[in-house]
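Report on one structure; see the data block that follows.
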Amino acid sequence: MKTQGTIAELVIQVLPDNFTVCKVTDYAGIDIDQPFVFTGRTDEEKSLVCPTRLVPAETVSREDGWRAFRIVGVLDFALVGILARIAGLLAAEGIAIYAVSTYNTDYVLTKGEVFDKAIEVLEAAGFAVAEDER
């Protein structure tokens, strides 16, 4: 995978799944080997972001109806302001985001009803958009 060296060459890739953001009591029953399963644990909670079809039966709370895209490639840690730029563009249009970062890249989720508008805003700002090829 190519490392992204500048913000100008960023491509976003639309993911095909619908996602759920939820809080769980434990991670039992979650197949973390499935694509796009993100967990986070703090001293206060255990969070899970995953395709809706993979949400475990028992959750403390959940928010369905999210769509996602990722920044294609491996991001150079020296890049500054990628999420800020995306968040700023979408915030200017009244679109809230939920971001998940991994070692390689960033994933941005918006509610499904505003997802197409979010993609249009980012395209208008110069981001190239690719569909997921799975």
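Convention: chains lettered A, B, ... in structure tokens order; per-chain residue numbering from 1; ligands numbered from 1 as shown.
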
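Close contacts of stretch 122-124 of chain A, defined as residues with an atom at most 10 Å away when counting only C-alpha atoms, with chain neighbours fewer than 4 positions off set aside, comprise Val11, Ile12, Arg85, Ile86, Leu89, Leu90, Lys117, Ala118, Ala128 and Val129 of chain A.
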
Would you write out those residues with C-alpha atoms, as a PDB file, in the first residue's frame?
ATOM      1  CA  VAL A  11      -8.393   9.452  -1.868  1.00  0.00           C
ATOM      2  CA  ILE A  12     -11.393   8.405   0.165  1.00  0.00           C
ATOM      3  CA  ARG A  85      -9.829  19.271   7.219  1.00  0.00           C
ATOM      4  CA  ILE A  86     -12.473  16.596   6.676  1.00  0.00           C
ATOM      5  CA  LEU A  89     -15.610  20.715   5.616  1.00  0.00           C
ATOM      6  CA  LEU A  90     -18.410  18.516   6.917  1.00  0.00           C
ATOM      7  CA  LYS A 117     -24.092  14.754   0.981  1.00  0.00           C
ATOM      8  CA  ALA A 118     -20.831  14.261   2.921  1.00  0.00           C
ATOM      9  CA  ALA A 128     -11.031  11.746  -5.098  1.00  0.00           C
ATOM     10  CA  VAL A 129     -13.675   9.152  -4.230  1.00  0.00           C
TER      11      VAL A 129
END

Exercise. Per DSSP on the backbone, what are the alpha helix (DSSP H) residues of chain A, as a PyMOL selection string?
Worked result: chain A and resi 82-91+112-124

Residues from last step as file, C-alpha atoms, as a PDB file, in the first residue's frame:
ATOM      1  CA  ILE A  82      -6.276  15.417   7.709  1.00  0.00           C
ATOM      2  CA  LEU A  83      -9.159  14.744  10.097  1.00  0.00           C
ATOM      3  CA  ALA A  84      -9.410  18.444  10.905  1.00  0.00           C
ATOM      4  CA  ARG A  85      -9.829  19.271   7.219  1.00  0.00           C
ATOM      5  CA  ILE A  86     -12.473  16.596   6.676  1.00  0.00           C
ATOM      6  CA  ALA A  87     -14.270  17.466   9.915  1.00  0.00           C
ATOM      7  CA  GLY A  88     -14.191  21.179   9.091  1.00  0.00           C
ATOM      8  CA  LEU A  89     -15.610  20.715   5.616  1.00  0.00           C
ATOM      9  CA  LEU A  90     -18.410  18.516   6.917  1.00  0.00           C
ATOM     10  CA  ALA A  91     -19.094  20.659   9.992  1.00  0.00           C
ATOM     11  CA  GLY A 112     -26.582   7.310   6.709  1.00  0.00           C
ATOM     12  CA  GLU A 113     -29.096  10.018   5.847  1.00  0.00           C
ATOM     13  CA  VAL A 114     -26.317  12.589   5.271  1.00  0.00           C
ATOM     14  CA  PHE A 115     -23.623  10.260   3.912  1.00  0.00           C
ATOM     15  CA  ASP A 116     -24.181  11.029   0.221  1.00  0.00           C
ATOM     16  CA  LYS A 117     -24.092  14.754   0.981  1.00  0.00           C
ATOM     17  CA  ALA A 118     -20.831  14.261   2.921  1.00  0.00           C
ATOM     18  CA  ILE A 119     -19.243  12.519  -0.052  1.00  0.00           C
ATOM     19  CA  GLU A 120     -20.427  15.302  -2.388  1.00  0.00           C
ATOM     20  CA  VAL A 121     -18.914  17.946  -0.083  1.00  0.00           C
ATOM     21  CA  LEU A 122     -15.573  16.154  -0.009  1.00  0.00           C
ATOM     22  CA  GLU A 123     -15.546  15.643  -3.775  1.00  0.00           C
ATOM     23  CA  ALA A 124     -16.283  19.346  -4.279  1.00  0.00           C
TER      24      ALA A 124
END

Exercise. With only C-alpha atoms as the atoms that count, which of A:Ser61, A:Ser47, A:Thr52, A:Thr25 lies nearest to A:Val100?
Worked result: A:Ser47

For this session: Pull the strand (DSSP E) assignments for stretch 5-134 of chain A out of DSSP run on the backbone, and list those residues as number ranges by chain.
Result: A: 11-14, 19-24, 38-41, 46-51, 61-71, 74-75, 98-101, 106-111, 128-131

Any chance you can output those residues with C-alpha atoms as a PDB file, in the first residue's frame?
ATOM      1  CA  VAL A  11      -8.393   9.452  -1.868  1.00  0.00           C
ATOM      2  CA  ILE A  12     -11.393   8.405   0.165  1.00  0.00           C
ATOM      3  CA  GLN A  13     -12.948   4.994  -0.312  1.00  0.00           C
ATOM      4  CA  VAL A  14     -16.614   4.424   0.439  1.00  0.00           C
ATOM      5  CA  PHE A  19     -22.279   0.430  10.767  1.00  0.00           C
ATOM      6  CA  THR A  20     -23.281   0.516  14.409  1.00  0.00           C
ATOM      7  CA  VAL A  21     -21.525   2.304  17.255  1.00  0.00           C
ATOM      8  CA  CYS A  22     -22.182   0.659  20.592  1.00  0.00           C
ATOM      9  CA  LYS A  23     -21.132   0.133  24.177  1.00  0.00           C
ATOM     10  CA  VAL A  24     -20.724  -3.451  25.387  1.00  0.00           C
ATOM     11  CA  PHE A  38     -13.011  -1.558  15.934  1.00  0.00           C
ATOM     12  CA  THR A  39     -12.840  -1.869  19.704  1.00  0.00           C
ATOM     13  CA  GLY A  40     -11.819   0.663  22.297  1.00  0.00           C
ATOM     14  CA  ARG A  41     -11.476   0.251  26.028  1.00  0.00           C
ATOM     15  CA  LYS A  46     -15.842  -0.808  26.247  1.00  0.00           C
ATOM     16  CA  SER A  47     -16.838   0.504  22.829  1.00  0.00           C
ATOM     17  CA  LEU A  48     -17.424  -1.307  19.569  1.00  0.00           C
ATOM     18  CA  VAL A  49     -17.819  -0.005  16.025  1.00  0.00           C
ATOM     19  CA  CYS A  50     -18.653  -2.665  13.465  1.00  0.00           C
ATOM     20  CA  PRO A  51     -20.900  -3.571  10.539  1.00  0.00           C
ATOM     21  CA  SER A  61     -26.422   0.935  24.232  1.00  0.00           C
ATOM     22  CA  ARG A  62     -26.170   1.237  20.474  1.00  0.00           C
ATOM     23  CA  GLU A  63     -26.518   3.754  17.679  1.00  0.00           C
ATOM     24  CA  ASP A  64     -27.357   2.249  14.291  1.00  0.00           C
ATOM     25  CA  GLY A  65     -27.477   3.902  10.892  1.00  0.00           C
ATOM     26  CA  TRP A  66     -23.875   4.909  10.205  1.00  0.00           C
ATOM     27  CA  ARG A  67     -21.992   4.766   6.885  1.00  0.00           C
ATOM     28  CA  ALA A  68     -18.229   5.004   6.506  1.00  0.00           C
ATOM     29  CA  PHE A  69     -15.299   5.839   4.286  1.00  0.00           C
ATOM     30  CA  ARG A  70     -11.584   5.465   4.764  1.00  0.00           C
ATOM     31  CA  ILE A  71      -8.598   7.379   3.566  1.00  0.00           C
ATOM     32  CA  VAL A  74      -0.971   4.301   4.667  1.00  0.00           C
ATOM     33  CA  LEU A  75      -0.839   7.793   6.118  1.00  0.00           C
ATOM     34  CA  TYR A  98     -17.475   9.764  14.222  1.00  0.00           C
ATOM     35  CA  ALA A  99     -13.802   9.067  13.521  1.00  0.00           C
ATOM     36  CA  VAL A 100     -11.778   5.915  14.098  1.00  0.00           C
ATOM     37  CA  SER A 101      -8.040   5.883  13.573  1.00  0.00           C
ATOM     38  CA  ASP A 106      -8.402   7.021   9.391  1.00  0.00           C
ATOM     39  CA  TYR A 107     -12.030   5.994   9.021  1.00  0.00           C
ATOM     40  CA  VAL A 108     -14.840   8.533   9.103  1.00  0.00           C
ATOM     41  CA  LEU A 109     -18.465   7.679   9.775  1.00  0.00           C
ATOM     42  CA  THR A 110     -21.523   9.853   9.273  1.00  0.00           C
ATOM     43  CA  LYS A 111     -25.163   9.066   9.760  1.00  0.00           C
ATOM     44  CA  ALA A 128     -11.031  11.746  -5.098  1.00  0.00           C
ATOM     45  CA  VAL A 129     -13.675   9.152  -4.230  1.00  0.00           C
ATOM     46  CA  ALA A 130     -13.422   5.415  -4.870  1.00  0.00           C
ATOM     47  CA  GLU A 131     -15.989   2.730  -4.177  1.00  0.00           C
TER      48      GLU A 131
END

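Of note, atom CA of A:Leu54 and atom CA of A:Ala96 are spaced 23.6 Å apart.
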
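If you look at atom CA of A:Asp43 and atom CA of A:Asn18, they are 28.2 Å away from each other.
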
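In this structure, atom CA of A:Leu10 sits 20.5 Å away from atom CA of A:Glu93.
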
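Remark: for A:Glu45, the closest of the candidate residues A:Ala125, A:Val60, A:Ile95, A:Leu15 is A:Val60 (distances computed over only C-alpha atoms).
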